[in-house]
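The file final-v8.tsv comes next; it holds TSV, C-alpha atoms and all ligand atoms.
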```tsv
chain	number	residue	atom	x	y	z
A	1	MET	CA	0.00	0.00	0.00
A	2	LYS	CA	1.02	3.64	-0.33
A	3	TYR	CA	1.77	5.29	3.01
A	4	THR	CA	1.06	8.90	2.10
A	5	LYS	CA	0.73	10.16	5.68
A	6	SER	CA	3.62	8.11	7.13
A	7	GLU	CA	6.19	9.13	4.54
A	8	LYS	CA	7.14	12.34	6.32
A	9	TYR	CA	7.91	10.43	9.53
A	10	ASN	CA	10.54	8.30	7.79
A	11	THR	CA	13.46	10.43	8.97
A	12	PRO	CA	16.35	8.88	10.94
A	13	THR	CA	15.61	11.07	13.99
A	14	LEU	CA	11.92	10.16	14.17
A	15	GLN	CA	12.50	6.50	13.34
A	16	LYS	CA	14.76	6.28	16.42
A	17	LYS	CA	11.54	6.58	18.46
A	18	ILE	CA	9.98	3.39	17.11
A	19	MET	CA	10.04	0.37	19.41
A	20	GLY	CA	9.17	-2.31	16.86
A	21	PRO	CA	8.08	-2.77	13.22
A	22	ASN	CA	7.15	0.70	11.94
A	23	PRO	CA	4.06	1.60	14.02
A	24	ILE	CA	3.27	4.70	11.94
A	25	LYS	CA	2.73	2.68	8.78
A	26	LEU	CA	0.72	0.11	10.73
A	27	GLU	CA	-1.42	2.87	12.15
A	28	GLU	CA	-1.98	4.45	8.74
A	29	GLU	CA	-3.27	1.13	7.43
A	30	LEU	CA	-5.33	0.52	10.58
A	31	LEU	CA	-7.08	3.87	10.22
A	32	ILE	CA	-8.01	3.68	6.52
A	33	ASN	CA	-11.70	4.72	6.36
A	34	HIS	CA	-11.82	5.06	10.15
A	35	LYS	CA	-14.98	6.38	11.78
A	36	ILE	CA	-13.47	8.58	14.50
A	37	PRO	CA	-14.52	12.25	14.18
A	38	GLU	CA	-11.86	14.96	13.85
A	39	GLY	CA	-11.27	16.60	17.23
A	40	ALA	CA	-12.10	13.37	19.07
A	41	VAL	CA	-10.39	12.67	22.39
A	42	VAL	CA	-8.43	9.46	21.87
A	43	CYS	CA	-6.22	7.28	24.01
A	44	ASP	CA	-3.03	6.06	22.32
A	45	LEU	CA	-2.78	3.01	24.54
A	46	GLY	CA	0.79	1.72	24.89
A	47	SER	CA	2.11	4.80	23.08
A	48	GLY	CA	5.78	4.07	23.78
A	49	GLN	CA	8.00	7.04	23.01
A	50	GLY	CA	5.06	8.90	21.54
A	51	LEU	CA	5.65	8.83	17.79
A	52	THR	CA	2.24	7.29	17.13
A	53	SER	CA	0.67	9.93	19.39
A	54	VAL	CA	2.27	12.72	17.36
A	55	PHE	CA	1.03	11.04	14.19
A	56	LEU	CA	-2.54	10.84	15.55
A	57	ALA	CA	-2.52	14.49	16.65
A	58	LYS	CA	-0.92	15.95	13.52
A	59	GLU	CA	-2.37	13.78	10.77
A	60	TYR	CA	-5.86	13.11	12.13
A	61	GLY	CA	-6.50	16.18	14.30
A	62	PHE	CA	-7.29	14.19	17.45
A	63	THR	CA	-6.67	15.28	21.03
A	64	VAL	CA	-4.37	12.49	22.18
A	65	TYR	CA	-3.60	11.03	25.59
A	66	ALA	CA	-0.28	9.20	25.12
A	67	ALA	CA	-0.71	6.50	27.78
A	68	ASP	CA	2.20	4.18	28.42
A	69	LEU	CA	3.71	2.06	31.16
A	70	TRP	CA	7.42	1.77	30.36
A	71	SER	CA	8.24	5.19	28.91
A	72	ASN	CA	8.82	8.43	30.79
A	73	PRO	CA	6.02	10.99	30.28
A	74	GLU	CA	8.47	13.87	30.82
A	75	ASP	CA	10.65	12.65	27.94
A	76	ASN	CA	7.53	12.31	25.82
A	77	ARG	CA	6.42	15.83	26.79
A	78	ARG	CA	9.77	17.22	25.60
A	79	PHE	CA	9.38	15.33	22.32
A	80	PHE	CA	5.84	16.66	21.82
A	81	ASP	CA	7.05	20.23	22.50
A	82	ASP	CA	9.88	19.75	19.99
A	83	MET	CA	7.31	18.60	17.46
A	84	GLY	CA	5.46	21.89	17.98
A	85	LEU	CA	2.32	20.39	19.47
A	86	ASP	CA	0.06	22.27	21.86
A	87	LYS	CA	-0.04	20.97	25.46
A	88	ASN	CA	-3.82	20.70	25.22
A	89	GLN	CA	-3.68	18.55	22.10
A	90	ILE	CA	-1.30	15.87	23.29
A	91	ILE	CA	-0.98	14.76	26.90
A	92	PRO	CA	1.61	12.20	28.04
A	93	VAL	CA	0.45	9.98	30.90
A	94	LYS	CA	2.12	7.18	32.85
A	95	ALA	CA	-0.60	4.53	32.75
A	96	ASP	CA	-1.06	0.81	33.23
A	97	ALA	CA	-3.61	-0.39	30.68
A	98	THR	CA	-4.90	-2.87	33.25
A	99	ASP	CA	-5.54	-0.15	35.83
A	100	LEU	CA	-6.51	3.03	33.97
A	101	GLN	CA	-7.27	6.10	36.05
A	102	PHE	CA	-9.37	8.19	33.66
A	103	ASP	CA	-12.98	9.25	34.22
A	104	LYS	CA	-15.57	6.75	33.03
A	105	GLY	CA	-16.63	7.38	29.41
A	106	PHE	CA	-13.74	9.81	28.94
A	107	PHE	CA	-12.52	8.75	25.47
A	108	ASP	CA	-14.21	8.93	22.09
A	109	ALA	CA	-11.83	6.22	20.86
A	110	VAL	CA	-8.89	4.05	21.86
A	111	ILE	CA	-6.10	3.36	19.36
A	112	SER	CA	-3.39	0.87	20.21
A	113	THR	CA	-0.45	-0.06	17.99
A	114	ASP	CA	2.02	-2.83	18.77
A	115	SER	CA	1.16	-3.07	22.45
A	116	TYR	CA	-2.32	-4.60	22.98
A	117	ASN	CA	-0.78	-8.07	22.78
A	118	TYR	CA	1.01	-7.38	26.08
A	119	PHE	CA	-2.11	-6.75	28.15
A	120	GLY	CA	-5.17	-7.70	26.07
A	121	ARG	CA	-4.87	-11.49	26.13
A	122	ASP	CA	-7.17	-11.82	29.11
A	123	GLU	CA	-10.71	-12.44	27.84
A	124	HIS	CA	-12.13	-10.15	30.57
A	125	TYR	CA	-9.79	-7.26	29.76
A	126	LEU	CA	-12.09	-5.38	27.39
A	127	ASP	CA	-15.26	-5.53	29.48
A	128	ASP	CA	-13.60	-4.96	32.84
A	129	LYS	CA	-10.56	-2.77	32.18
A	130	LEU	CA	-10.95	-0.82	28.96
A	131	LEU	CA	-14.56	-0.31	27.86
A	132	PRO	CA	-15.56	1.61	31.01
A	133	PHE	CA	-13.33	4.50	29.86
A	134	LEU	CA	-14.86	4.69	26.38
A	135	LYS	CA	-18.05	6.55	25.43
A	136	ASN	CA	-20.99	4.47	24.24
A	137	GLY	CA	-20.61	4.05	20.47
A	138	GLY	CA	-16.86	4.77	20.73
A	139	TYR	CA	-14.37	2.82	18.64
A	140	ILE	CA	-11.32	0.74	19.51
A	141	TYR	CA	-8.69	0.31	16.78
A	142	ILE	CA	-5.90	-2.19	17.46
A	143	ALA	CA	-2.88	-3.31	15.42
A	144	ILE	CA	-0.65	-6.05	16.81
A	145	PRO	CA	2.11	-8.36	15.70
A	146	GLY	CA	0.73	-11.85	15.24
A	147	MET	CA	1.36	-15.32	13.90
A	148	LYS	CA	-0.05	-16.68	10.67
A	149	LYS	CA	-0.86	-19.91	12.54
A	150	ASP	CA	-0.27	-20.48	16.24
A	151	CYS	CA	2.67	-22.86	16.66
A	152	HIS	CA	3.49	-22.52	20.34
A	153	ASP	CA	3.51	-26.31	20.78
A	154	LYS	CA	6.32	-26.66	18.27
A	155	LEU	CA	8.07	-23.33	17.84
A	156	PRO	CA	10.09	-23.00	14.61
A	157	PRO	CA	13.85	-22.80	15.35
A	158	GLU	CA	14.12	-19.64	13.21
A	159	LEU	CA	11.88	-17.75	15.67
A	160	LEU	CA	13.84	-19.03	18.65
A	161	LEU	CA	16.97	-17.33	17.28
A	162	SER	CA	15.59	-14.00	18.46
A	163	TRP	CA	12.80	-14.70	20.95
A	164	THR	CA	12.14	-16.94	23.94
A	165	PRO	CA	8.95	-19.04	24.10
A	166	GLU	CA	7.67	-16.57	26.73
A	167	GLN	CA	8.18	-13.63	24.35
A	168	LEU	CA	6.57	-15.53	21.50
A	169	ASP	CA	3.54	-16.14	23.68
A	170	TYR	CA	2.66	-12.47	23.05
A	171	MET	CA	2.02	-13.36	19.41
A	172	HIS	CA	-1.01	-15.30	18.25
A	173	ASP	CA	-3.09	-15.96	15.16
A	174	ILE	CA	-6.41	-14.53	14.00
A	175	ASP	CA	-8.39	-17.46	15.44
A	176	TYR	CA	-6.93	-16.84	18.91
A	177	TRP	CA	-7.71	-13.11	18.86
A	178	THR	CA	-11.14	-13.63	17.32
A	179	GLU	CA	-12.07	-15.97	20.15
A	180	ILE	CA	-10.86	-13.48	22.78
A	181	VAL	CA	-12.63	-10.40	21.41
A	182	ASN	CA	-15.82	-12.31	20.62
A	183	LYS	CA	-16.17	-13.04	24.34
A	184	CYS	CA	-16.53	-9.31	24.99
A	185	LYS	CA	-20.12	-8.48	25.95
A	186	GLY	CA	-19.92	-4.70	25.85
A	187	ALA	CA	-18.64	-4.19	22.30
A	188	GLU	CA	-19.52	-5.27	18.80
A	189	VAL	CA	-16.58	-6.80	16.91
A	190	ILE	CA	-16.41	-5.06	13.55
A	191	SER	CA	-13.40	-6.86	12.12
A	192	VAL	CA	-10.37	-9.01	12.92
A	193	LYS	CA	-8.09	-9.16	9.87
A	194	GLU	CA	-4.60	-9.85	8.68
A	195	MET	CA	-2.95	-6.57	7.70
A	196	GLU	CA	-1.24	-5.85	4.43
A	197	SER	CA	1.73	-4.12	6.10
A	198	ASN	CA	4.38	-6.66	6.91
A	199	GLU	CA	7.67	-6.68	5.01
A	200	GLU	CA	7.98	-2.89	4.79
A	201	VAL	CA	7.29	-2.29	8.49
A	202	TRP	CA	9.82	-4.99	9.43
A	203	SER	CA	12.40	-3.57	7.08
A	204	ASP	CA	12.04	-0.07	8.66
A	205	TRP	CA	12.57	-1.64	12.09
A	206	LEU	CA	15.45	-3.97	11.21
A	207	MET	CA	17.52	-1.12	9.82
A	208	GLN	CA	17.52	0.58	13.25
A	209	ASP	CA	20.71	0.04	15.23
A	210	ASN	CA	19.27	-0.34	18.74
A	211	GLU	CA	19.90	-3.64	20.53
A	212	TYR	CA	16.28	-4.85	20.14
A	213	ALA	CA	16.22	-4.33	16.38
A	214	VAL	CA	19.64	-5.95	16.05
A	215	GLY	CA	18.41	-8.89	18.16
A	216	ASP	CA	15.33	-9.32	15.96
A	217	ARG	CA	17.46	-9.52	12.80
A	218	LYS	CA	18.62	-13.10	13.50
A	219	ALA	CA	15.13	-14.59	13.25
A	220	MET	CA	14.03	-12.44	10.36
A	221	GLU	CA	17.19	-12.97	8.31
A	222	SER	CA	16.80	-16.74	8.80
A	223	GLY	CA	13.31	-16.71	7.30
A	224	GLY	CA	11.31	-16.47	10.54
A	225	GLY	CA	9.12	-13.81	8.96
A	226	LYS	CA	7.12	-16.45	7.10
A	227	TYR	CA	5.42	-17.42	10.37
A	228	LEU	CA	4.52	-13.85	11.35
A	229	ASN	CA	1.99	-11.22	10.36
A	230	PHE	CA	0.18	-8.18	11.74
A	231	ILE	CA	-3.44	-8.29	12.81
A	232	SER	CA	-5.94	-5.44	13.01
A	233	MET	CA	-9.00	-5.52	15.25
A	234	ILE	CA	-11.80	-2.95	15.25
A	235	LEU	CA	-14.55	-2.88	17.88
A	236	ARG	CA	-17.35	-0.52	18.78
A	237	LYS	CA	-18.73	-0.09	22.29
A	238	LYS	CA	-22.47	-0.83	22.43
B	1	LIG	C1	6.73	-2.59	21.48
B	1	LIG	S1	6.33	-1.18	22.42
B	1	LIG	C2	5.39	-0.25	21.24
B	1	LIG	C3	5.29	1.19	21.56
B	1	LIG	C4	4.60	2.08	20.52
B	1	LIG	N1	3.20	1.77	20.37
B	1	LIG	C5	5.32	1.95	19.20
B	1	LIG	O1	4.85	1.16	18.37
B	1	LIG	O2	6.37	2.54	19.04
B	1	LIG	C6	5.11	-1.80	23.53
B	1	LIG	C7	4.58	-0.75	24.49
B	1	LIG	O3	3.55	-1.36	25.24
B	1	LIG	C8	3.55	-0.72	26.50
B	1	LIG	N2	2.87	-1.56	27.50
B	1	LIG	C9	3.09	-2.85	27.81
B	1	LIG	N3	2.29	-3.23	28.82
B	1	LIG	C10	1.54	-2.14	29.15
B	1	LIG	C11	0.54	-1.89	30.11
B	1	LIG	N4	0.12	-2.84	30.97
B	1	LIG	N5	0.00	-0.66	30.16
B	1	LIG	C12	0.40	0.33	29.31
B	1	LIG	N6	1.35	0.14	28.37
B	1	LIG	C13	1.91	-1.08	28.30
B	1	LIG	C14	5.01	-0.53	26.84
B	1	LIG	O4	5.15	0.52	27.78
B	1	LIG	C15	5.62	-0.23	25.47
B	1	LIG	O5	5.82	1.14	25.27
```
Please go through the file and, once you have read it, give me the structure as structure tokens.
Amino acid sequence: MKYTKSEKYNTPTLQKKIMGPNPIKLEEELLINHKIPEGAVVCDLGSGQGLTSVFLAKEYGFTVYAADLWSNPEDNRRFFDDMGLDKNQIIPVKADATDLQFDKGFFDAVISTDSYNYFGRDEHYLDDKLLPFLKNGGYIYIAIPGMKKDCHDKLPPELLLSWTPEQLDYMHDIDYWTEIVNKCKGAEVISVKEMESNEEVWSDWLMQDNEYAVGDRKAMESGGGKYLNFISMILRKK
């Protein structure tokens, strides 16, 4: 696909902020024909170092809460200032997705790229931990790394060159995720699909020189990519 919005974020300085396969391109694909109104208040859940949050604010005109557990909100604030964003349009927050502290019904939408697989594998997560903070009728857009077919019983040696079985347990196939989200009572599942973005988002990531990208090269250069994909999930709160 053509990534018209993401292209301008493909600079070495901005790409240093990514924490996995290019999340900007994944997000651009995820949000094709999205139904979130301009000016909506959205939660970038698991926003990392905030590049996706900047993308959501600048390219889609949302007010963005950049909510993340591992990153430092003060560092993210400095980055948002450097990117020329208004303090009211983008708000960094230290947040655990399993224990969110926002007002009930606060968000018009939740968008989560390359992080939902860390905390969303519990079938009660959506109903108990996330939906309460979304307005009725609000959307959830998720993009996650996945597996073409779950193979945790017999993990391919190529994948084990870069990841432990515990790390690979964060990745699952469409059937696994469909079963989890279909158990949610409070939201309608609109779609669970394999994404088109794959090789190009990996290639943007593998050319980074941080230790995680370098570590991931072993599996990918040995052909491990044939077992992997990206999965999008779209839900709407009833
Ligand atoms: C691979 S990084 C992706 C970050 C960012 N979305 C990106 O693509 O650059 C995964 C992110 O998930 C976040 N995360 C993991 N568990 C979380 C939790 N329980 N609550 C909030 N964020 C969490 C981490 O803080 C980390 O920034």
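Close contacts of region 131-136 of chain A, defined as residues with an atom at most 9 Å away when counting only C-alpha atoms, with chain neighbours fewer than 3 positions off set aside, comprise Leu100, Gln101, Phe102, Asp103, Lys104, Gly105, Phe106, Phe107, Asp108, Ala109, Val110, Tyr125, Leu126, Asp127, Asp128, Tyr139, Ile140, Gly186, Ala187, Arg236, Lys237 and Lys238 of chain A.
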Quick one: residues within 8 Å of ligand LIG 1 (chain B), with only C-alpha atoms and all ligand atoms, as a PDB file with C-alpha atoms, keeping the file's coordinate frame?
```pdb
ATOM      1  CA  LYS A  17      11.540   6.580  18.460  1.00  0.00           C
ATOM      2  CA  ILE A  18       9.980   3.390  17.110  1.00  0.00           C
ATOM      3  CA  MET A  19      10.040   0.370  19.410  1.00  0.00           C
ATOM      4  CA  GLY A  20       9.170  -2.310  16.860  1.00  0.00           C
ATOM      5  CA  PRO A  21       8.080  -2.770  13.220  1.00  0.00           C
ATOM      6  CA  ASN A  22       7.150   0.700  11.940  1.00  0.00           C
ATOM      7  CA  PRO A  23       4.060   1.600  14.020  1.00  0.00           C
ATOM      8  CA  ILE A  24       3.270   4.700  11.940  1.00  0.00           C
ATOM      9  CA  ASP A  44      -3.030   6.060  22.320  1.00  0.00           C
ATOM     10  CA  LEU A  45      -2.780   3.010  24.540  1.00  0.00           C
ATOM     11  CA  GLY A  46       0.790   1.720  24.890  1.00  0.00           C
ATOM     12  CA  SER A  47       2.110   4.800  23.080  1.00  0.00           C
ATOM     13  CA  GLY A  48       5.780   4.070  23.780  1.00  0.00           C
ATOM     14  CA  GLN A  49       8.000   7.040  23.010  1.00  0.00           C
ATOM     15  CA  GLY A  50       5.060   8.900  21.540  1.00  0.00           C
ATOM     16  CA  LEU A  51       5.650   8.830  17.790  1.00  0.00           C
ATOM     17  CA  THR A  52       2.240   7.290  17.130  1.00  0.00           C
ATOM     18  CA  ALA A  67      -0.710   6.500  27.780  1.00  0.00           C
ATOM     19  CA  ASP A  68       2.200   4.180  28.420  1.00  0.00           C
ATOM     20  CA  LEU A  69       3.710   2.060  31.160  1.00  0.00           C
ATOM     21  CA  TRP A  70       7.420   1.770  30.360  1.00  0.00           C
ATOM     22  CA  SER A  71       8.240   5.190  28.910  1.00  0.00           C
ATOM     23  CA  LYS A  94       2.120   7.180  32.850  1.00  0.00           C
ATOM     24  CA  ALA A  95      -0.600   4.530  32.750  1.00  0.00           C
ATOM     25  CA  ASP A  96      -1.060   0.810  33.230  1.00  0.00           C
ATOM     26  CA  ALA A  97      -3.610  -0.390  30.680  1.00  0.00           C
ATOM     27  CA  THR A  98      -4.900  -2.870  33.250  1.00  0.00           C
ATOM     28  CA  ASP A  99      -5.540  -0.150  35.830  1.00  0.00           C
ATOM     29  CA  SER A 112      -3.390   0.870  20.210  1.00  0.00           C
ATOM     30  CA  THR A 113      -0.450  -0.060  17.990  1.00  0.00           C
ATOM     31  CA  ASP A 114       2.020  -2.830  18.770  1.00  0.00           C
ATOM     32  CA  SER A 115       1.160  -3.070  22.450  1.00  0.00           C
ATOM     33  CA  TYR A 116      -2.320  -4.600  22.980  1.00  0.00           C
ATOM     34  CA  TYR A 118       1.010  -7.380  26.080  1.00  0.00           C
ATOM     35  CA  PHE A 119      -2.110  -6.750  28.150  1.00  0.00           C
TER      36      PHE A 119
END
```
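With all atoms listed in the file as the atoms that count, the residue of A:Asn76, A:Asn117, A:Asn33, A:Asn198 with the shortest distance to Ile142 (chain A) is A:Asn117.
In terms of minimum interatomic distance to Leu155 (chain A), A:Leu168 ranks closest within A:Ile180, A:Leu85, A:Leu168, A:Leu26, counting all atoms listed in the file.
Using all atoms listed in the file, the smallest distance between any of A:Lys129, A:Lys193, A:His172, A:Lys218 and Lys148 (chain A) comes from A:His172.
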Query raised in the report: So how far away is CA of Pro156 (chain A) from CA of Met233 (chain A), in Å?
Result: 25.9 Å
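The two atoms in question, CA of Ile90 (chain A) and CA of Glu74 (chain A), are spaced 12.5 Å apart.
Between Glu200 (chain A) and the residues A:Ile91, A:Asn10, A:Ser162, A:Lys5, the shortest atom-to-atom distance, using all atoms listed in the file, involves A:Asn10.
Every protein or nucleic acid residue with an atom no more than 7 Å from Met195 (chain A), counting all atoms listed in the file and leaving out same-chain residues fewer than 4 positions away, appears here: Phe230, Ile231 and Ser232 of chain A.
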Query raised in the report: So what do you get for CA of Gln89 (chain A) versus CA of Asn72 (chain A), distance-wise?
Result: 18.3 Å
Query raised in the report: Within 12 Å of region 157-161 of chain A, counting only C-alpha atoms, which residues qualify if same-chain residues fewer than 4 places away don't, as a VMD selection string?
Result: chain A and resid 147 151 to 152 165 to 169 171 214 to 228
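Compared by their closest atoms to Gly138 (chain A), and using all atoms listed in the file, the residues A:Glu28, A:Asp175, A:Glu123, A:Glu188 rank with A:Glu188 nearest.
Closest approach to Leu56 (chain A) from the set A:Ile111, A:Arg77, A:Pro12, A:Met83 is made by A:Ile111, with distances taken over only C-alpha atoms.
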Box time for region 186-200 of chain A: axis-aligned, enclosing all its listed atoms, 8 Å extra on each side; report centre and edge lengths in Å to one decimal, as AutoDock Vina command-line options.
```
--center_x -6.0 --center_y -6.4 --center_z 15.1 --size_x 43.9 --size_y 23.0 --size_z 37.4
```
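The protein and nucleic acid residues lying at most 10 Å from Phe62 (chain A) are Ile36, Pro37, Glu38, Gly39, Ala40, Val41, Val42, Cys43, Ser53, Val54, Phe55, Leu56, Ala57, Lys58, Gln89, Ile90, Asp108 and Ala109 of chain A, with only C-alpha atoms considered and sequence neighbours fewer than 4 positions away removed.
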